[in-house]
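Peer 1: Coordinates in coords_26.pdb, PDB, C-alpha atoms, pLDDT in the B column, are listed below.
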MODEL        1
ATOM      1  CA  SER A   1      98.815 110.688  75.412  1.00 77.00           C
ATOM      2  CA  VAL A   2     100.627 113.009  77.853  1.00 72.00           C
ATOM      3  CA  PRO A   3     104.392 113.305  77.255  1.00 52.00           C
ATOM      4  CA  ASP A   4     106.516 111.858  80.057  1.00 66.00           C
ATOM      5  CA  ARG A   5     106.709 114.416  82.859  1.00 66.00           C
ATOM      6  CA  SER A   6     110.024 113.205  84.282  1.00 65.00           C
ATOM      7  CA  ALA A   7     111.696 113.213  80.862  1.00 64.00           C
ATOM      8  CA  ALA A   8     110.403 116.725  80.175  1.00 61.00           C
ATOM      9  CA  ALA A   9     111.619 117.964  83.561  1.00 68.00           C
ATOM     10  CA  ALA A  10     115.065 116.555  82.766  1.00 65.00           C
ATOM     11  CA  GLY A  11     115.083 118.250  79.340  1.00 70.00           C
ATOM     12  CA  ARG A  12     114.905 114.935  77.475  1.00 72.00           C
ATOM     13  CA  GLY A  13     111.405 115.203  76.043  1.00 68.00           C
ATOM     14  CA  PRO A  14     108.590 117.523  74.984  1.00 72.00           C
ATOM     15  CA  SER A  15     106.651 119.559  77.521  1.00 78.00           C
ATOM     16  CA  PRO A  16     103.346 118.033  78.633  1.00 79.00           C
ATOM     17  CA  ALA A  17     101.927 121.533  79.237  1.00 84.00           C
ATOM     18  CA  PRO A  18      99.935 121.868  75.975  1.00 86.00           C
ATOM     19  CA  ARG A  19      98.335 118.438  76.413  1.00 87.00           C
ATOM     20  CA  LEU A  20      97.497 119.088  80.072  1.00 89.00           C
ATOM     21  CA  GLU A  21      95.920 122.435  79.182  1.00 91.00           C
ATOM     22  CA  ALA A  22      93.814 120.778  76.467  1.00 92.00           C
ATOM     23  CA  MET A  23      92.746 118.027  78.855  1.00 90.00           C
ATOM     24  CA  ALA A  24      91.641 120.583  81.431  1.00 93.00           C
ATOM     25  CA  GLN A  25      89.615 122.406  78.767  1.00 94.00           C
ATOM     26  CA  GLY A  26      88.000 119.123  77.755  1.00 94.00           C
ATOM     27  CA  LEU A  27      87.050 118.225  81.317  1.00 94.00           C
ATOM     28  CA  VAL A  28      85.444 121.612  81.916  1.00 94.00           C
ATOM     29  CA  ALA A  29      83.592 121.362  78.595  1.00 94.00           C
ATOM     30  CA  ALA A  30      82.246 118.013  79.804  1.00 95.00           C
ATOM     31  CA  GLY A  31      80.915 119.674  82.965  1.00 93.00           C
ATOM     32  CA  ALA A  32      83.697 119.251  85.529  1.00 92.00           C
ATOM     33  CA  GLU A  33      83.729 121.904  88.250  1.00 91.00           C
ATOM     34  CA  VAL A  34      86.567 120.543  90.394  1.00 93.00           C
ATOM     35  CA  LEU A  35      89.802 119.277  88.860  1.00 93.00           C
ATOM     36  CA  CYS A  36      92.798 117.482  90.301  1.00 94.00           C
ATOM     37  CA  MET A  37      95.897 115.847  88.886  1.00 92.00           C
ATOM     38  CA  PRO A  38      97.005 112.643  90.647  1.00 92.00           C
ATOM     39  CA  CYS A  39     100.602 112.890  89.394  1.00 89.00           C
ATOM     40  CA  VAL A  40     102.994 114.895  91.541  1.00 91.00           C
ATOM     41  CA  THR A  41     105.616 115.435  88.830  1.00 85.00           C
ATOM     42  CA  ALA A  42     102.949 116.930  86.544  1.00 86.00           C
ATOM     43  CA  HIS A  43     102.423 119.712  89.095  1.00 90.00           C
ATOM     44  CA  ALA A  44     105.486 121.394  87.614  1.00 87.00           C
ATOM     45  CA  TYR A  45     103.041 122.255  84.795  1.00 86.00           C
ATOM     46  CA  VAL A  46     100.094 123.239  86.975  1.00 89.00           C
ATOM     47  CA  ASP A  47      99.871 126.704  85.401  1.00 90.00           C
ATOM     48  CA  ALA A  48      98.874 125.066  82.104  1.00 89.00           C
ATOM     49  CA  VAL A  49      95.997 123.250  83.812  1.00 88.00           C
ATOM     50  CA  ARG A  50      94.825 126.457  85.445  1.00 91.00           C
ATOM     51  CA  ARG A  51      94.990 128.258  82.071  1.00 89.00           C
ATOM     52  CA  GLY A  52      92.849 125.541  80.542  1.00 89.00           C
ATOM     53  CA  ALA A  53      90.220 125.714  83.291  1.00 90.00           C
ATOM     54  CA  PRO A  54      90.172 129.209  84.778  1.00 89.00           C
ATOM     55  CA  ARG A  55      86.616 128.862  86.151  1.00 88.00           C
ATOM     56  CA  ALA A  56      87.071 125.419  87.721  1.00 91.00           C
ATOM     57  CA  THR A  57      88.413 124.764  91.192  1.00 92.00           C
ATOM     58  CA  PHE A  58      91.814 123.111  90.903  1.00 93.00           C
ATOM     59  CA  VAL A  59      92.923 121.064  93.921  1.00 95.00           C
ATOM     60  CA  ASP A  60      96.713 121.120  94.124  1.00 95.00           C
ATOM     61  CA  MET A  61      98.189 117.820  95.349  1.00 96.00           C
ATOM     62  CA  VAL A  62     101.327 119.466  96.750  1.00 96.00           C
ATOM     63  CA  GLU A  63      99.395 122.098  98.703  1.00 96.00           C
ATOM     64  CA  ALA A  64      97.003 119.410  99.962  1.00 96.00           C
ATOM     65  CA  SER A  65      99.982 117.413 101.232  1.00 97.00           C
ATOM     66  CA  VAL A  66     101.451 120.440 103.016  1.00 96.00           C
ATOM     67  CA  ALA A  67      98.098 121.043 104.725  1.00 96.00           C
ATOM     68  CA  ALA A  68      97.865 117.363 105.692  1.00 96.00           C
ATOM     69  CA  ILE A  69     101.343 117.494 107.252  1.00 96.00           C
ATOM     70  CA  ALA A  70     100.278 120.517 109.338  1.00 95.00           C
ATOM     71  CA  ARG A  71      97.396 118.416 110.698  1.00 95.00           C
ATOM     72  CA  ALA A  72      99.424 115.220 111.186  1.00 95.00           C
ATOM     73  CA  ALA A  73     102.483 116.867 112.739  1.00 95.00           C
ATOM     74  CA  PRO A  74     101.521 120.270 114.125  1.00 95.00           C
ATOM     75  CA  GLY A  75     104.573 122.338 114.932  1.00 94.00           C
ATOM     76  CA  ALA A  76     106.946 120.306 112.754  1.00 96.00           C
ATOM     77  CA  THR A  77     109.725 122.462 111.334  1.00 97.00           C
ATOM     78  CA  ARG A  78     111.496 119.808 109.218  1.00 98.00           C
ATOM     79  CA  VAL A  79     109.665 117.407 106.911  1.00 98.00           C
ATOM     80  CA  GLY A  80     111.171 114.538 104.952  1.00 98.00           C
ATOM     81  CA  LEU A  81     110.276 114.047 101.290  1.00 98.00           C
ATOM     82  CA  LEU A  82     110.298 110.776  99.375  1.00 98.00           C
ATOM     83  CA  ALA A  83     109.509 111.442  95.717  1.00 96.00           C
ATOM     84  CA  THR A  84     110.828 110.984  92.195  1.00 92.00           C
ATOM     85  CA  THR A  85     114.078 112.669  91.320  1.00 91.00           C
ATOM     86  CA  ALA A  86     112.195 114.991  88.946  1.00 88.00           C
ATOM     87  CA  THR A  87     109.887 116.075  91.770  1.00 92.00           C
ATOM     88  CA  VAL A  88     112.791 116.610  94.163  1.00 95.00           C
ATOM     89  CA  ARG A  89     114.704 118.625  91.567  1.00 92.00           C
ATOM     90  CA  SER A  90     111.672 120.731  90.694  1.00 90.00           C
ATOM     91  CA  GLU A  91     111.449 121.724  94.393  1.00 94.00           C
ATOM     92  CA  LEU A  92     107.634 121.677  94.249  1.00 94.00           C
ATOM     93  CA  PHE A  93     107.354 120.429  97.830  1.00 97.00           C
ATOM     94  CA  GLN A  94     110.367 122.325  99.135  1.00 97.00           C
ATOM     95  CA  ARG A  95     108.959 125.677  97.971  1.00 96.00           C
ATOM     96  CA  ALA A  96     105.480 124.865  99.283  1.00 96.00           C
ATOM     97  CA  PHE A  97     106.872 123.932 102.705  1.00 97.00           C
ATOM     98  CA  ALA A  98     109.157 126.979 102.768  1.00 97.00           C
ATOM     99  CA  ARG A  99     106.095 129.217 102.289  1.00 96.00           C
ATOM    100  CA  VAL A 100     104.805 127.985 105.659  1.00 96.00           C
ATOM    101  CA  GLY A 101     108.192 128.124 107.395  1.00 97.00           C
ATOM    102  CA  VAL A 102     109.039 124.414 107.179  1.00 97.00           C
ATOM    103  CA  ASP A 103     112.378 123.033 105.972  1.00 98.00           C
ATOM    104  CA  SER A 104     112.540 119.971 103.731  1.00 98.00           C
ATOM    105  CA  VAL A 105     114.848 116.993 104.114  1.00 98.00           C
ATOM    106  CA  VAL A 106     115.458 115.043 100.904  1.00 98.00           C
ATOM    107  CA  PRO A 107     117.397 111.798 100.440  1.00 98.00           C
ATOM    108  CA  GLU A 108     121.088 111.893  99.707  1.00 97.00           C
ATOM    109  CA  ALA A 109     122.128 110.728  96.221  1.00 97.00           C
ATOM    110  CA  ALA A 110     122.419 106.978  96.905  1.00 97.00           C
ATOM    111  CA  ALA A 111     119.143 106.905  98.832  1.00 97.00           C
ATOM    112  CA  GLN A 112     117.403 108.872  96.052  1.00 97.00           C
ATOM    113  CA  GLU A 113     118.479 106.196  93.580  1.00 97.00           C
ATOM    114  CA  GLU A 114     116.856 103.639  95.885  1.00 97.00           C
ATOM    115  CA  VAL A 115     113.662 105.701  95.914  1.00 97.00           C
ATOM    116  CA  ILE A 116     113.542 105.609  92.105  1.00 95.00           C
ATOM    117  CA  ARG A 117     114.154 101.853  92.035  1.00 96.00           C
ATOM    118  CA  LEU A 118     111.352 101.442  94.563  1.00 97.00           C
ATOM    119  CA  VAL A 119     108.955 103.600  92.524  1.00 96.00           C
ATOM    120  CA  TYR A 120     109.584 101.558  89.375  1.00 95.00           C
ATOM    121  CA  ALA A 121     109.295  98.262  91.258  1.00 97.00           C
ATOM    122  CA  VAL A 122     105.877  99.334  92.556  1.00 96.00           C
ATOM    123  CA  LYS A 123     104.882 100.514  89.063  1.00 93.00           C
ATOM    124  CA  GLY A 124     105.728  96.987  87.930  1.00 95.00           C
ATOM    125  CA  GLY A 125     103.378  95.488  90.521  1.00 96.00           C
ATOM    126  CA  ASP A 126     105.861  94.575  93.262  1.00 95.00           C
ATOM    127  CA  ASP A 127     104.290  95.894  96.453  1.00 93.00           C
ATOM    128  CA  GLY A 128     105.333  93.108  98.805  1.00 94.00           C
ATOM    129  CA  PRO A 129     106.963  93.115 102.247  1.00 94.00           C
ATOM    130  CA  GLU A 130     110.467  93.758 100.907  1.00 95.00           C
ATOM    131  CA  ARG A 131     109.313  96.951  99.192  1.00 96.00           C
ATOM    132  CA  ARG A 132     107.457  98.049 102.311  1.00 94.00           C
ATOM    133  CA  ALA A 133     110.611  97.485 104.353  1.00 94.00           C
ATOM    134  CA  THR A 134     112.638  99.525 101.859  1.00 96.00           C
ATOM    135  CA  LEU A 135     110.231 102.441 102.133  1.00 96.00           C
ATOM    136  CA  ALA A 136     110.332 102.317 105.942  1.00 95.00           C
ATOM    137  CA  ARG A 137     114.146 102.283 105.908  1.00 96.00           C
ATOM    138  CA  LEU A 138     114.293 105.245 103.505  1.00 97.00           C
ATOM    139  CA  ALA A 139     111.830 107.193 105.656  1.00 97.00           C
ATOM    140  CA  GLU A 140     113.817 106.470 108.805  1.00 96.00           C
ATOM    141  CA  GLY A 141     116.936 107.713 107.014  1.00 97.00           C
ATOM    142  CA  LEU A 142     115.226 111.096 106.703  1.00 98.00           C
ATOM    143  CA  VAL A 143     114.156 110.972 110.352  1.00 97.00           C
ATOM    144  CA  ALA A 144     117.786 110.376 111.339  1.00 97.00           C
ATOM    145  CA  ARG A 145     118.593 113.639 109.546  1.00 97.00           C
ATOM    146  CA  GLY A 146     115.983 115.607 111.496  1.00 97.00           C
ATOM    147  CA  ALA A 147     112.651 115.001 109.724  1.00 98.00           C
ATOM    148  CA  GLU A 148     109.702 115.243 112.132  1.00 97.00           C
ATOM    149  CA  ALA A 149     107.233 113.859 109.567  1.00 97.00           C
ATOM    150  CA  VAL A 150     107.543 112.282 106.118  1.00 97.00           C
ATOM    151  CA  VAL A 151     105.611 112.968 102.918  1.00 97.00           C
ATOM    152  CA  LEU A 152     105.193 110.070 100.511  1.00 97.00           C
ATOM    153  CA  GLY A 153     105.337 112.455  97.559  1.00 96.00           C
ATOM    154  CA  CYS A 154     104.854 110.049  94.657  1.00 94.00           C
ATOM    155  CA  THR A 155     101.647 108.217  93.810  1.00 94.00           C
ATOM    156  CA  GLU A 156     103.358 104.799  93.830  1.00 95.00           C
ATOM    157  CA  LEU A 157     104.817 105.093  97.331  1.00 96.00           C
ATOM    158  CA  PRO A 158     101.494 105.054  99.244  1.00 95.00           C
ATOM    159  CA  LEU A 159     100.885 101.606  97.743  1.00 95.00           C
ATOM    160  CA  VAL A 160     103.648 100.296 100.024  1.00 95.00           C
ATOM    161  CA  GLY A 161     103.221 102.667 102.972  1.00 91.00           C
ATOM    162  CA  ASP A 162     100.028 104.609 103.565  1.00 81.00           C
ATOM    163  CA  ASP A 163      99.235 107.491 105.924  1.00 80.00           C
ATOM    164  CA  GLY A 164      99.849 106.840 109.564  1.00 80.00           C
ATOM    165  CA  PRO A 165     100.756 108.405 112.900  1.00 77.00           C
ATOM    166  CA  ALA A 166     103.953 107.820 114.810  1.00 79.00           C
ATOM    167  CA  GLY A 167     103.895 104.550 116.703  1.00 75.00           C
ATOM    168  CA  PRO A 168     105.477 101.102 116.818  1.00 72.00           C
ATOM    169  CA  GLU A 169     105.789 100.876 113.027  1.00 76.00           C
ATOM    170  CA  ARG A 170     107.139 104.386 112.405  1.00 86.00           C
ATOM    171  CA  SER A 171     108.840 106.969 114.555  1.00 91.00           C
ATOM    172  CA  VAL A 172     107.121 109.982 112.949  1.00 95.00           C
ATOM    173  CA  PRO A 173     103.821 110.541 111.094  1.00 95.00           C
ATOM    174  CA  TRP A 174     103.666 109.769 107.373  1.00 96.00           C
ATOM    175  CA  VAL A 175     101.385 111.592 104.952  1.00 97.00           C
ATOM    176  CA  ALA A 176     100.539 110.000 101.601  1.00 96.00           C
ATOM    177  CA  CYS A 177     100.105 112.576  98.843  1.00 96.00           C
ATOM    178  CA  THR A 178      97.270 110.504  97.360  1.00 96.00           C
ATOM    179  CA  GLY A 179      95.306 110.425 100.607  1.00 95.00           C
ATOM    180  CA  ALA A 180      95.838 114.156 101.078  1.00 96.00           C
ATOM    181  CA  LEU A 181      94.592 114.821  97.551  1.00 96.00           C
ATOM    182  CA  ALA A 182      91.536 112.582  97.914  1.00 96.00           C
ATOM    183  CA  SER A 183      90.487 114.311 101.136  1.00 94.00           C
ATOM    184  CA  ALA A 184      91.009 117.766  99.634  1.00 95.00           C
ATOM    185  CA  VAL A 185      89.014 116.894  96.504  1.00 94.00           C
ATOM    186  CA  VAL A 186      86.083 115.619  98.569  1.00 94.00           C
ATOM    187  CA  ALA A 187      86.197 118.802 100.662  1.00 92.00           C
ATOM    188  CA  ALA A 188      86.285 120.997  97.536  1.00 91.00           C
ATOM    189  CA  ALA A 189      83.499 119.081  95.827  1.00 87.00           C
ATOM    190  CA  THR A 190      81.155 119.045  98.803  1.00 86.00           C
ATOM    191  CA  ALA A 191      81.748 122.758  99.402  1.00 82.00           C
ATOM    192  CA  SER A 192      79.912 123.448  96.153  1.00 62.00           C
ATOM    193  CA  ASP A 193      76.111 123.444  96.319  1.00 55.00           C
ATOM    194  CA  ALA A 194      76.010 122.355  92.697  1.00 49.00           C
ATOM    195  CA  LEU A 195      77.971 119.199  93.562  1.00 51.00           C
ATOM    196  CA  ARG A 196      76.077 118.145  96.684  1.00 49.00           C
ATOM    197  CA  PRO A 197      73.819 115.129  96.194  1.00 49.00           C
ATOM    198  CA  ASN A 198      70.085 115.750  96.266  1.00 44.00           C
ATOM    199  CA  PRO A 199      68.533 115.135  99.721  1.00 44.00           C
TER     200      PRO A 199
ENDMDL
END
Output the structure of this file as structure tokens.
Peer 2:
Amino acid sequence: SVPDRSAAAAGRGPSPAPRLEAMAQGLVAAGAEVLCMPCVTAHAYVDAVRRGAPRATFVDMVEASVAAIARAAPGATRVGLLATTATVRSELFQRAFARVGVDSVVPEAAAQEEVIRLVYAVKGGDDGPERRATLARLAEGLVARGAEAVVLGCTELPLVGDDGPAGPERSVPWVACTGALASAVVAAATASDALRPNP
């Protein structure tokens, strides 16, 4: 029921902001105290969610990913970003990294087209070895341009390449936005006495 976020970002469709705000209101009315949005592109409309749930804790997926990169690659000054074209163009990650003094490296045009093809292949259920190899090659392309860590900044990409440190399979650490969000949500939820399980 939410209008397509990528189409809206490209000016080809209605804004999802009103629907996201209404959804946030509905979740809070149902008793939710911590909210998150497991769609990176939708974070361009995060203000609408916060308007709809001013008393709830909102866990921002982009900020959680930036924090996870700081833990995975302390001291990194250049981070690669693999994400949808709408996310790259919105500069959600680039601005968040810039706030902590980190530069972003994004794919060049031809590589970005490959990222989009990969995302849609994974959406269609193709998460096999060829797709995993494509992701690794795209990530290494960013490393060749100076990235000291890579963010998998789209919820489909971690399905073919999850979090991991540098090692034989990858030359730099990878951080999956979904893993970063899950960890941050658990931390936010367990920080609230109301949400802790009874002993």
Peer 1: Compute the distance from (100.9, 111.2, 97.1) to each atom, counting only C-alpha atoms, keep the residues with any atom at most 9 Å away, and return them as a ChimeraX atom specification; use the coordinates of the file.
Peer 2: /A:38-40,61-62,65,83,151-158,175-181
Peer 1: Would you list the residues near (96.8, 118.3, 87.6) (no more than 8 Å away, in the coordinates of the file, using only C-alpha atoms) as an NGL selection string?
Peer 2: :A and (20 or 35-39 or 42-43 or 45-46 or 49 or 58-61)
Peer 1: Can you tell me, as a ChimeraX atom specification, what residues are no more than 12 Å from Ala72 (chain A) when counting all atoms listed in the file, ignoring any on the same chain fewer than 4 positions away?
Peer 2: /A:65-68,76,79,148-151,163-166,172-176,180
Peer 1: Grab the residues selected above and save them as a tab-separated table (two decimals), in the coordinates of the input with C-alpha atoms.
Peer 2:
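selection_30.tsv was written with the following content:
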chain	number	residue	atom	x	y	z
A	65	SER	CA	99.98	117.41	101.23
A	66	VAL	CA	101.45	120.44	103.02
A	67	ALA	CA	98.10	121.04	104.72
A	68	ALA	CA	97.86	117.36	105.69
A	76	ALA	CA	106.95	120.31	112.75
A	79	VAL	CA	109.66	117.41	106.91
A	148	GLU	CA	109.70	115.24	112.13
A	149	ALA	CA	107.23	113.86	109.57
A	150	VAL	CA	107.54	112.28	106.12
A	151	VAL	CA	105.61	112.97	102.92
A	163	ASP	CA	99.24	107.49	105.92
A	164	GLY	CA	99.85	106.84	109.56
A	165	PRO	CA	100.76	108.40	112.90
A	166	ALA	CA	103.95	107.82	114.81
A	172	VAL	CA	107.12	109.98	112.95
A	173	PRO	CA	103.82	110.54	111.09
A	174	TRP	CA	103.67	109.77	107.37
A	175	VAL	CA	101.38	111.59	104.95
A	176	ALA	CA	100.54	110.00	101.60
A	180	ALA	CA	95.84	114.16	101.08
Peer 1: Suppose a student applies the PyMOL selection byres ((chain A and resi 145) around 10) to this structure; what residues should they get, written as a PyMOL selection string?
Peer 2: chain A and resi 78+80+105-107+140-144+146-148
Peer 1: Select, from A:Leu118, A:Val160, A:Leu135, A:Val185, the residue with the minimum atom-to-atom distance to Thr84 (chain A), counting all atoms listed in the file.
Peer 2: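 Of all the options, A:Leu118 lies closest to Thr84 (chain A).
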Peer 1: List the neighbours of Ala121 (chain A) out to 10 Å using only C-alpha atoms; skip same-chain residues closer than 6 positions along the sequence, and give me the result as a ChimeraX atom specification.
Peer 2: /A:115,127-128,131,156
Peer 1: For each of A:Arg19, A:Arg137, A:Arg170, A:Arg12, take the minimum atom-to-atom distance to Leu82 (chain A), counting only C-alpha atoms, then give the residue where this is smallest.
Peer 2: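 For Leu82 (chain A), the nearest of the given residues is A:Arg137.
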Peer 1: Nearest to Ser90 (chain A) among A:Ala29, A:Val186, A:Ala44, A:Ala56, with distances taken over all atoms listed in the file: which residue is it?
Peer 2: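 Result for the nearest residue to Ser90 (chain A): A:Ala44.
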Peer 1: For Ala139 (chain A), which residue among A:Glu33, A:Glu91, A:Gly161, A:Ala48 is the nearest when counting only C-alpha atoms?
Peer 2: A:Gly161
Peer 1: Using CA of Glu169 (chain A) and CA of Ala86 (chain A) as the two end points, give the distance in Å to one decimal.
Peer 2: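 CA of Ala86 (chain A) lies 28.6 Å from CA of Glu169 (chain A).
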Peer 1: Can you tell me how far CA of Ala110 (chain A) sits from CA of Thr77 (chain A), in Å to one decimal?
Peer 2: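 Distance between the two atoms: 24.7 Å.
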Peer 1: From the block I gave, I'd like region 12-26 of chain A written with C-alpha atoms, as a PDB file, in the first residue's frame.
Peer 2:
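And here's part-v5.pdb as it stands now:
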ATOM      1  CA  ARG A  12       7.801   9.519 -11.388  1.00  0.00           C
ATOM      2  CA  GLY A  13       5.257   8.722  -8.693  1.00  0.00           C
ATOM      3  CA  PRO A  14       3.425   9.965  -5.606  1.00  0.00           C
ATOM      4  CA  SER A  15       5.245  10.562  -2.339  1.00  0.00           C
ATOM      5  CA  PRO A  16       5.039   7.709   0.171  1.00  0.00           C
ATOM      6  CA  ALA A  17       5.321  10.213   3.048  1.00  0.00           C
ATOM      7  CA  PRO A  18       1.596  10.415   3.945  1.00  0.00           C
ATOM      8  CA  ARG A  19       1.239   6.621   3.990  1.00  0.00           C
ATOM      9  CA  LEU A  20       4.408   6.160   6.054  1.00  0.00           C
ATOM     10  CA  GLU A  21       3.229   8.764   8.564  1.00  0.00           C
ATOM     11  CA  ALA A  22      -0.145   7.012   8.873  1.00  0.00           C
ATOM     12  CA  MET A  23       1.549   3.645   9.320  1.00  0.00           C
ATOM     13  CA  ALA A  24       3.727   5.020  12.105  1.00  0.00           C
ATOM     14  CA  GLN A  25       0.639   6.433  13.836  1.00  0.00           C
ATOM     15  CA  GLY A  26      -1.070   3.057  13.532  1.00  0.00           C
TER      16      GLY A  26
END
